[in-house]
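Source file: run.cif. Holds: mmCIF, C-alpha atoms.
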```cif
data_start
loop_
_atom_site.group_PDB
_atom_site.id
_atom_site.type_symbol
_atom_site.label_atom_id
_atom_site.label_comp_id
_atom_site.auth_asym_id
_atom_site.auth_seq_id
_atom_site.Cartn_x
_atom_site.Cartn_y
_atom_site.Cartn_z
ATOM 1 C CA MET W 19 -64.988 24.588 -44.309
ATOM 2 C CA THR W 20 -63.746 28.179 -43.996
ATOM 3 C CA ALA W 21 -66.197 30.954 -44.778
ATOM 4 C CA VAL W 22 -63.779 33.139 -46.745
ATOM 5 C CA PHE W 23 -61.638 32.223 -49.752
ATOM 6 C CA GLU W 24 -57.917 32.128 -49.031
ATOM 7 C CA MET W 25 -55.244 30.924 -51.431
ATOM 8 C CA HIS W 26 -53.527 27.725 -50.318
ATOM 9 C CA PRO W 27 -49.869 28.467 -49.398
ATOM 10 C CA ASP W 28 -48.547 25.868 -51.920
ATOM 11 C CA LEU W 29 -50.251 27.733 -54.762
ATOM 12 C CA ALA W 30 -49.135 31.126 -53.443
ATOM 13 C CA ARG W 31 -45.563 29.815 -53.335
ATOM 14 C CA ASP W 32 -45.487 28.095 -56.746
ATOM 15 C CA GLY W 33 -47.408 30.705 -58.723
ATOM 16 C CA VAL W 34 -47.568 34.424 -59.327
ATOM 17 C CA GLU W 35 -50.875 36.207 -59.850
ATOM 18 C CA VAL W 36 -51.752 37.117 -63.436
ATOM 19 C CA GLY W 37 -55.065 38.640 -62.415
ATOM 20 C CA ARG W 38 -58.579 37.963 -61.214
ATOM 21 C CA LEU W 39 -61.247 36.513 -63.455
ATOM 22 C CA ARG W 40 -64.909 36.559 -62.517
ATOM 23 C CA LEU W 41 -64.710 33.248 -60.666
ATOM 24 C CA SER W 42 -61.039 32.335 -60.488
ATOM 25 C CA ARG W 43 -57.802 33.815 -59.386
ATOM 26 C CA LEU W 44 -55.374 33.213 -62.247
ATOM 27 C CA LEU W 45 -51.786 32.190 -61.518
ATOM 28 C CA LEU W 46 -48.740 31.713 -63.719
ATOM 29 C CA MET W 47 -46.606 28.841 -62.433
ATOM 30 C CA LYS W 48 -42.944 29.718 -61.851
ATOM 31 C CA GLU W 49 -41.670 27.189 -64.379
ATOM 32 C CA VAL W 50 -39.962 28.510 -67.474
ATOM 33 C CA ARG W 51 -40.234 25.418 -69.688
ATOM 34 C CA TRP W 52 -43.998 25.531 -70.092
ATOM 35 C CA PRO W 53 -46.526 28.352 -70.272
ATOM 36 C CA TRP W 54 -48.492 26.972 -67.349
ATOM 37 C CA LEU W 55 -51.573 28.610 -65.834
ATOM 38 C CA VAL W 56 -53.562 27.600 -62.766
ATOM 39 C CA LEU W 57 -57.119 28.769 -62.088
ATOM 40 C CA VAL W 58 -58.244 28.805 -58.466
ATOM 41 C CA PRO W 59 -62.011 29.325 -58.062
ATOM 42 C CA GLN W 60 -62.443 31.943 -55.352
ATOM 43 C CA ARG W 61 -64.858 29.892 -53.277
ATOM 44 C CA PRO W 62 -63.984 28.685 -49.790
ATOM 45 C CA GLY W 63 -63.601 25.059 -48.761
ATOM 46 C CA LEU W 64 -63.649 23.294 -52.142
ATOM 47 C CA ARG W 65 -61.483 20.365 -53.093
ATOM 48 C CA ASP W 66 -63.000 18.611 -56.113
ATOM 49 C CA LEU W 67 -64.492 19.939 -59.346
ATOM 50 C CA HIS W 68 -67.874 18.438 -58.479
ATOM 51 C CA ASP W 69 -67.911 20.495 -55.246
ATOM 52 C CA LEU W 70 -68.554 23.578 -57.415
ATOM 53 C CA LYS W 71 -72.180 24.521 -58.053
ATOM 54 C CA PRO W 72 -73.267 23.951 -61.680
ATOM 55 C CA MET W 73 -73.261 27.660 -62.581
ATOM 56 C CA ASP W 74 -69.740 28.015 -61.211
ATOM 57 C CA GLN W 75 -68.668 24.928 -63.165
ATOM 58 C CA TYR W 76 -69.931 26.530 -66.372
ATOM 59 C CA ARG W 77 -68.177 29.788 -65.534
ATOM 60 C CA LEU W 78 -64.987 27.836 -64.871
ATOM 61 C CA CYS W 79 -65.383 26.187 -68.304
ATOM 62 C CA ASP W 80 -65.562 29.631 -69.890
ATOM 63 C CA GLU W 81 -62.463 30.772 -67.991
ATOM 64 C CA VAL W 82 -60.507 27.618 -68.899
ATOM 65 C CA THR W 83 -61.450 28.163 -72.543
ATOM 66 C CA ALA W 84 -60.315 31.810 -72.422
ATOM 67 C CA CYS W 85 -56.987 30.735 -70.905
ATOM 68 C CA SER W 86 -56.556 27.907 -73.431
ATOM 69 C CA ASN W 87 -57.216 30.287 -76.297
ATOM 70 C CA ALA W 88 -54.721 32.798 -74.874
ATOM 71 C CA LEU W 89 -52.007 30.128 -74.616
ATOM 72 C CA GLN W 90 -52.788 28.945 -78.120
ATOM 73 C CA GLN W 91 -52.656 32.434 -79.544
ATOM 74 C CA LEU W 92 -49.468 33.486 -77.738
ATOM 75 C CA TYR W 93 -47.408 30.310 -77.902
ATOM 76 C CA LYS W 94 -48.845 28.221 -80.767
ATOM 77 C CA ALA W 95 -49.112 25.168 -78.490
ATOM 78 C CA ASP W 96 -49.401 21.719 -80.047
ATOM 79 C CA LYS W 97 -51.770 20.636 -77.271
ATOM 80 C CA ILE W 98 -53.417 22.138 -74.230
ATOM 81 C CA ASN W 99 -53.509 19.939 -71.109
ATOM 82 C CA VAL W 100 -56.320 20.692 -68.648
ATOM 83 C CA ALA W 101 -56.472 18.949 -65.275
ATOM 84 C CA ALA W 102 -57.899 19.139 -61.772
ATOM 85 C CA LEU W 103 -55.751 16.777 -59.702
ATOM 86 C CA GLY W 104 -55.073 18.249 -56.259
ATOM 87 C CA ASN W 105 -53.685 15.100 -54.644
ATOM 88 C CA MET W 106 -50.942 17.124 -52.997
ATOM 89 C CA THR W 107 -52.587 20.542 -52.597
ATOM 90 C CA PRO W 108 -56.086 20.151 -51.153
ATOM 91 C CA GLN W 109 -57.654 23.284 -52.648
ATOM 92 C CA LEU W 110 -59.579 23.095 -55.913
ATOM 93 C CA HIS W 111 -57.369 24.352 -58.758
ATOM 94 C CA VAL W 112 -57.257 23.668 -62.483
ATOM 95 C CA HIS W 113 -54.070 23.440 -64.538
ATOM 96 C CA VAL W 114 -54.057 24.762 -68.112
ATOM 97 C CA ILE W 115 -50.712 23.984 -69.724
ATOM 98 C CA ALA W 116 -49.322 24.642 -73.202
ATOM 99 C CA ARG W 117 -47.550 21.535 -74.482
ATOM 100 C CA PHE W 118 -45.192 21.171 -77.425
ATOM 101 C CA ILE W 119 -44.101 18.028 -79.203
ATOM 102 C CA ASN W 120 -40.484 18.996 -78.531
ATOM 103 C CA ASP W 121 -40.958 19.935 -74.849
ATOM 104 C CA PRO W 122 -38.793 18.068 -72.317
ATOM 105 C CA ALA W 123 -41.623 15.897 -70.895
ATOM 106 C CA TRP W 124 -43.613 15.247 -74.110
ATOM 107 C CA PRO W 125 -45.801 13.176 -74.401
ATOM 108 C CA LYS W 126 -45.937 12.512 -70.659
ATOM 109 C CA PRO W 127 -47.757 14.722 -68.157
ATOM 110 C CA ILE W 128 -45.499 17.417 -66.712
ATOM 111 C CA TRP W 129 -46.289 17.026 -62.997
ATOM 112 C CA GLY W 130 -43.239 15.739 -61.214
ATOM 113 C CA ALA W 131 -41.490 15.053 -64.525
ATOM 114 C CA LEU W 132 -38.529 17.324 -63.852
ATOM 115 C CA PRO W 133 -37.226 19.597 -61.082
ATOM 116 C CA THR W 134 -38.663 23.109 -61.290
ATOM 117 C CA GLU W 135 -36.780 25.643 -63.388
ATOM 118 C CA PRO W 136 -37.887 29.196 -62.521
ATOM 119 C CA TYR W 137 -38.113 32.200 -64.845
ATOM 120 C CA SER W 138 -35.614 35.032 -64.734
ATOM 121 C CA GLU W 139 -37.336 38.086 -63.291
ATOM 122 C CA ALA W 140 -37.393 39.784 -66.698
ATOM 123 C CA ALA W 141 -38.793 36.720 -68.479
ATOM 124 C CA GLN W 142 -41.504 36.315 -65.838
ATOM 125 C CA GLU W 143 -42.528 39.956 -66.120
ATOM 126 C CA ALA W 144 -42.630 39.687 -69.916
ATOM 127 C CA ARG W 145 -44.829 36.596 -69.760
ATOM 128 C CA LEU W 146 -47.190 38.173 -67.225
ATOM 129 C CA HIS W 147 -47.432 41.264 -69.409
ATOM 130 C CA GLU W 148 -48.335 39.389 -72.588
ATOM 131 C CA LEU W 149 -50.851 37.184 -70.766
ATOM 132 C CA ARG W 150 -52.561 40.197 -69.176
ATOM 133 C CA GLN W 151 -52.775 41.886 -72.560
ATOM 134 C CA VAL W 152 -54.353 38.939 -74.330
ATOM 135 C CA LEU W 153 -56.700 38.181 -71.411
ATOM 136 C CA LYS W 154 -57.522 41.878 -70.939
ATOM 137 C CA LEU W 155 -56.525 41.821 -67.245
ATOM 138 C CA MET A 17 -62.005 16.767 -89.752
ATOM 139 C CA THR A 18 -64.190 13.697 -90.197
ATOM 140 C CA ALA A 19 -67.937 14.261 -90.419
ATOM 141 C CA VAL A 20 -68.973 11.317 -88.238
ATOM 142 C CA PHE A 21 -67.850 10.460 -84.705
ATOM 143 C CA GLU A 22 -65.690 7.371 -84.477
ATOM 144 C CA MET A 23 -63.917 6.138 -81.358
ATOM 145 C CA HIS A 24 -60.132 6.337 -81.593
ATOM 146 C CA PRO A 25 -58.648 2.800 -81.678
ATOM 147 C CA ASP A 26 -56.449 3.480 -78.591
ATOM 148 C CA LEU A 27 -59.544 4.236 -76.525
ATOM 149 C CA ALA A 28 -61.458 1.273 -77.960
ATOM 150 C CA ARG A 29 -58.518 -0.973 -77.016
ATOM 151 C CA ASP A 30 -57.896 0.368 -73.498
ATOM 152 C CA GLY A 31 -61.501 0.772 -72.409
ATOM 153 C CA VAL A 32 -64.795 -1.072 -72.360
ATOM 154 C CA GLU A 33 -68.093 0.739 -72.913
ATOM 155 C CA VAL A 34 -70.167 1.431 -69.802
ATOM 156 C CA GLY A 35 -72.857 3.201 -71.790
ATOM 157 C CA ARG A 36 -73.822 6.307 -73.706
ATOM 158 C CA LEU A 37 -74.526 9.605 -72.016
ATOM 159 C CA ARG A 38 -76.213 12.476 -73.817
ATOM 160 C CA LEU A 39 -72.925 13.886 -75.101
ATOM 161 C CA SER A 40 -70.257 11.340 -74.265
ATOM 162 C CA ARG A 41 -69.543 7.724 -74.715
ATOM 163 C CA LEU A 42 -68.507 6.428 -71.307
ATOM 164 C CA LEU A 43 -65.655 3.935 -70.991
ATOM 165 C CA LEU A 44 -64.232 1.984 -68.067
ATOM 166 C CA MET A 45 -60.472 1.635 -68.416
ATOM 167 C CA LYS A 46 -59.175 -1.937 -68.183
ATOM 168 C CA GLU A 47 -57.051 -1.263 -65.108
ATOM 169 C CA VAL A 48 -58.035 -2.983 -61.898
ATOM 170 C CA ARG A 49 -56.161 -0.769 -59.429
ATOM 171 C CA TRP A 50 -58.280 2.341 -59.974
ATOM 172 C CA PRO A 51 -61.939 2.876 -60.790
ATOM 173 C CA TRP A 52 -61.092 4.869 -63.919
ATOM 174 C CA LEU A 53 -63.650 6.296 -66.321
ATOM 175 C CA VAL A 54 -63.082 8.084 -69.627
ATOM 176 C CA LEU A 55 -65.706 10.286 -71.291
ATOM 177 C CA VAL A 56 -65.422 10.706 -75.054
ATOM 178 C CA PRO A 57 -67.678 13.471 -76.427
ATOM 179 C CA GLN A 58 -69.404 12.035 -79.483
ATOM 180 C CA ARG A 59 -68.436 14.879 -81.791
ATOM 181 C CA PRO A 60 -66.147 14.367 -84.783
ATOM 182 C CA GLY A 61 -62.710 15.919 -85.191
ATOM 183 C CA LEU A 62 -62.118 17.367 -81.709
ATOM 184 C CA ARG A 63 -58.807 17.324 -79.888
ATOM 185 C CA ASP A 64 -58.881 19.947 -77.113
ATOM 186 C CA LEU A 65 -61.540 20.865 -74.549
ATOM 187 C CA HIS A 66 -61.822 24.353 -76.007
ATOM 188 C CA ASP A 67 -62.740 22.838 -79.393
ATOM 189 C CA LEU A 68 -66.136 21.952 -77.871
ATOM 190 C CA LYS A 69 -68.920 24.494 -78.266
ATOM 191 C CA PRO A 70 -69.894 26.191 -74.979
ATOM 192 C CA MET A 71 -73.171 24.274 -74.595
ATOM 193 C CA ASP A 72 -71.329 20.980 -75.115
ATOM 194 C CA GLN A 73 -68.712 22.069 -72.562
ATOM 195 C CA TYR A 74 -71.460 22.641 -70.005
ATOM 196 C CA ARG A 75 -73.026 19.294 -70.805
ATOM 197 C CA LEU A 76 -69.633 17.651 -70.418
ATOM 198 C CA CYS A 77 -69.314 19.337 -66.992
ATOM 199 C CA ASP A 78 -72.625 17.793 -65.967
ATOM 200 C CA GLU A 79 -71.519 14.368 -67.190
ATOM 201 C CA VAL A 80 -68.145 14.618 -65.428
ATOM 202 C CA THR A 81 -69.968 15.575 -62.225
ATOM 203 C CA ALA A 82 -72.354 12.620 -62.549
ATOM 204 C CA CYS A 83 -69.400 10.266 -63.055
ATOM 205 C CA SER A 84 -67.465 11.804 -60.138
ATOM 206 C CA ASN A 85 -70.466 11.407 -57.849
ATOM 207 C CA ALA A 86 -70.911 7.793 -58.955
ATOM 208 C CA LEU A 87 -67.254 6.983 -58.190
ATOM 209 C CA GLN A 88 -67.532 8.749 -54.846
ATOM 210 C CA GLN A 89 -70.693 6.903 -53.914
ATOM 211 C CA LEU A 90 -69.483 3.466 -55.014
ATOM 212 C CA TYR A 91 -65.844 3.530 -53.941
ATOM 213 C CA LYS A 92 -65.564 6.253 -51.262
ATOM 214 C CA ALA A 93 -62.639 7.841 -53.097
ATOM 215 C CA ASP A 94 -60.328 10.183 -51.219
ATOM 216 C CA LYS A 95 -59.977 12.379 -54.324
ATOM 217 C CA ILE A 96 -61.305 12.504 -57.843
ATOM 218 C CA ASN A 97 -58.782 13.376 -60.572
ATOM 219 C CA VAL A 98 -60.239 14.942 -63.719
ATOM 220 C CA ALA A 99 -58.061 15.593 -66.763
ATOM 221 C CA ALA A 100 -58.093 16.192 -70.502
ATOM 222 C CA LEU A 101 -54.542 15.436 -71.649
ATOM 223 C CA GLY A 102 -54.565 13.626 -74.985
ATOM 224 C CA ASN A 103 -50.883 13.996 -75.791
ATOM 225 C CA MET A 104 -50.745 10.395 -76.964
ATOM 226 C CA THR A 105 -54.305 9.820 -78.192
ATOM 227 C CA PRO A 106 -55.395 12.727 -80.391
ATOM 228 C CA GLN A 107 -59.147 12.496 -79.762
ATOM 229 C CA LEU A 108 -60.781 14.616 -77.071
ATOM 230 C CA HIS A 109 -61.377 12.496 -73.961
ATOM 231 C CA VAL A 110 -61.656 13.263 -70.270
ATOM 232 C CA HIS A 111 -60.348 11.035 -67.482
ATOM 233 C CA VAL A 112 -62.307 10.769 -64.221
ATOM 234 C CA ILE A 113 -60.350 8.664 -61.756
ATOM 235 C CA ALA A 114 -61.029 7.609 -58.165
ATOM 236 C CA ARG A 115 -57.874 8.045 -56.093
ATOM 237 C CA PHE A 116 -57.084 6.687 -52.639
ATOM 238 C CA ILE A 117 -54.356 7.740 -50.245
ATOM 239 C CA ASN A 118 -53.150 4.146 -50.132
ATOM 240 C CA ASP A 119 -53.274 3.540 -53.914
ATOM 241 C CA PRO A 120 -50.010 2.440 -55.566
ATOM 242 C CA ALA A 121 -49.320 5.777 -57.311
ATOM 243 C CA TRP A 122 -50.589 8.213 -54.652
ATOM 244 C CA PRO A 123 -50.070 11.193 -54.623
ATOM 245 C CA LYS A 124 -48.672 11.168 -58.168
ATOM 246 C CA PRO A 125 -50.811 11.121 -61.309
ATOM 247 C CA ILE A 126 -51.539 7.579 -62.508
ATOM 248 C CA TRP A 127 -50.715 7.966 -66.208
ATOM 249 C CA GLY A 128 -47.651 5.908 -67.007
ATOM 250 C CA ALA A 129 -47.007 5.289 -63.307
ATOM 251 C CA LEU A 130 -47.199 1.514 -63.530
ATOM 252 C CA PRO A 131 -47.732 -1.179 -66.181
ATOM 253 C CA THR A 132 -51.401 -1.885 -66.795
ATOM 254 C CA GLU A 133 -53.048 -4.570 -64.662
ATOM 255 C CA PRO A 134 -56.319 -5.738 -66.238
ATOM 256 C CA TYR A 135 -59.486 -6.889 -64.460
ATOM 257 C CA SER A 136 -60.496 -10.523 -64.340
ATOM 258 C CA GLU A 137 -63.549 -10.993 -66.551
ATOM 259 C CA ALA A 138 -65.814 -11.425 -63.511
ATOM 260 C CA ALA A 139 -64.434 -8.338 -61.746
ATOM 261 C CA GLN A 140 -64.848 -6.238 -64.877
ATOM 262 C CA GLU A 141 -68.438 -7.379 -65.330
ATOM 263 C CA ALA A 142 -69.197 -6.619 -61.686
ATOM 264 C CA ARG A 143 -67.737 -3.145 -61.953
ATOM 265 C CA LEU A 144 -69.634 -2.415 -65.177
ATOM 266 C CA HIS A 145 -72.828 -3.612 -63.552
ATOM 267 C CA GLU A 146 -72.514 -1.413 -60.463
ATOM 268 C CA LEU A 147 -71.556 1.647 -62.540
ATOM 269 C CA ARG A 148 -74.520 1.167 -64.885
ATOM 270 C CA GLN A 149 -76.841 0.849 -61.908
ATOM 271 C CA VAL A 150 -75.668 4.022 -60.204
ATOM 272 C CA LEU A 151 -75.524 5.979 -63.485
ATOM 273 C CA LYS A 152 -78.883 4.534 -64.617
ATOM 274 C CA LEU A 153 -77.420 3.288 -67.923
#
```
In structure tokens, what does this structure look like?
Amino acid sequence: MTAVFEMHPDLARDGVEVGRLRLSRLLLMKEVRWPWLVLVPQRPGLRDLHDLKPMDQYRLCDEVTACSNALQQLYKADKINVAALGNMTPQLHVHVIARFINDPAWPKPIWGALPTEPYSEAAQEARLHELRQVLKL
Amino acid sequence: MTAVFEMHPDLARDGVEVGRLRLSRLLLMKEVRWPWLVLVPQRPGLRDLHDLKPMDQYRLCDEVTACSNALQQLYKADKINVAALGNMTPQLHVHVIARFINDPAWPKPIWGALPTEPYSEAAQEARLHELRQVLKL
């Protein structure tokens, strides 16, 4: 277990930082087909949700709810998917994904469903901007 | 929104009741290849995690942690997957799944990975028994 929080390189590669919440670093995944956030609790050496102390779990709940509400408000999602999987990337992180009944993977989960399709630079900047506004980051 | 909690028929069909926690009804999924629990908060008319009131979210965290610890203790899982998806079954429910690096879907998510393989009656009873013991249900 490392003593200092460091972002796993997979997450640093696949996401771009939206901002820092009280507990979590918030990333936008570089995937244009879904508004897809990942929260990474800034605690060293954690892998599973139940590794978090109870107070941090509750704080994470609050942050997931804030992110879900932001996605709902901005994109009128039909469903929000929330998941802590981490089979491939062994650092605790939580996905919060806006799903739509006409999205290309619906109703299946999106992980591994399709090859990644990145944002254009302008579209990514626009999405980061609107997310930061709604989340007050 | 209905006024009284009722289990969605999909969940009643795919799972068998382990017991009742303070907030959630706890189901074991009828799938022999993974120790796979589903928690269904006993509140009417909810679809997404953020529909739960904050205090119920925190309680759900505690119940997910208790279930994760039970799976860890009983089955020595390599990873616990936790997810609220609900794209197909529109009633709030949370999956807590014991994963193993040699399981047939690893490292992919298990939903839709393979056709369902049910327990024998004896194996299902044994699993229910050990879960109830560890969870004190």
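Using all atoms listed in the file for every distance, the candidate list W:Leu153, W:Ile115, W:Ala144, W:Leu92 yields W:Ile115 as the residue closest to chain A.
Across W:Val50, W:Ile98, W:Leu55, W:Leu132, the tightest approach to Leu108 of chain A is made by W:Ile98 when counting only C-alpha atoms.
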Expected answer as a VMD selection string: chain A residues within 9 Å of chain W, all atoms listed in the file:
chain A and resid 63 to 67 70 73 to 74 77 to 78 80 to 82 84 to 85 94 to 104 115 117 122 to 125 127 to 128
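Going from atom CA of Pro122 of chain W over to atom CA of Ala129 of chain A, you cover 17.7 Å.
Residues matching the PyMOL selection byres ((chain W and resi 48) around 9) in this structure come to W:Arg31, W:Asp32, W:Gly33, W:Val34, W:Leu46, W:Met47, W:Glu49, W:Val50, W:Trp54, W:Thr134, W:Glu135, W:Pro136, W:Tyr137, W:Gln142.
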So the first atom is atom CA of His111 of chain W and the second is atom CA of Ala21 of chain W; what is the distance between them in Å, to one decimal place?
17.8 Å
Care to translate the PyMOL selection byres ((chain W and resi 150-152) around 12) into actual residues of this file, as an MDAnalysis selection string?
chainID W and resid 35:39 44:46 84:93 143:149 153:155
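Proximity to Ala93 of chain A was assessed for A:Asp72, A:Glu22, A:Glu79, A:Asp119 counting only C-alpha atoms; the smallest distance is recorded for A:Asp119.
Between atom CA of His26 of chain W and atom CA of Pro51 of chain A the separation is 28.2 Å.
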I'd like the contact shell of Gln58 of chain A - 9 Å cut-off, only C-alpha atoms, skipping same-chain residues fewer than 5 positions apart - returned as a ChimeraX atom specification.
/A:20-23,38-41
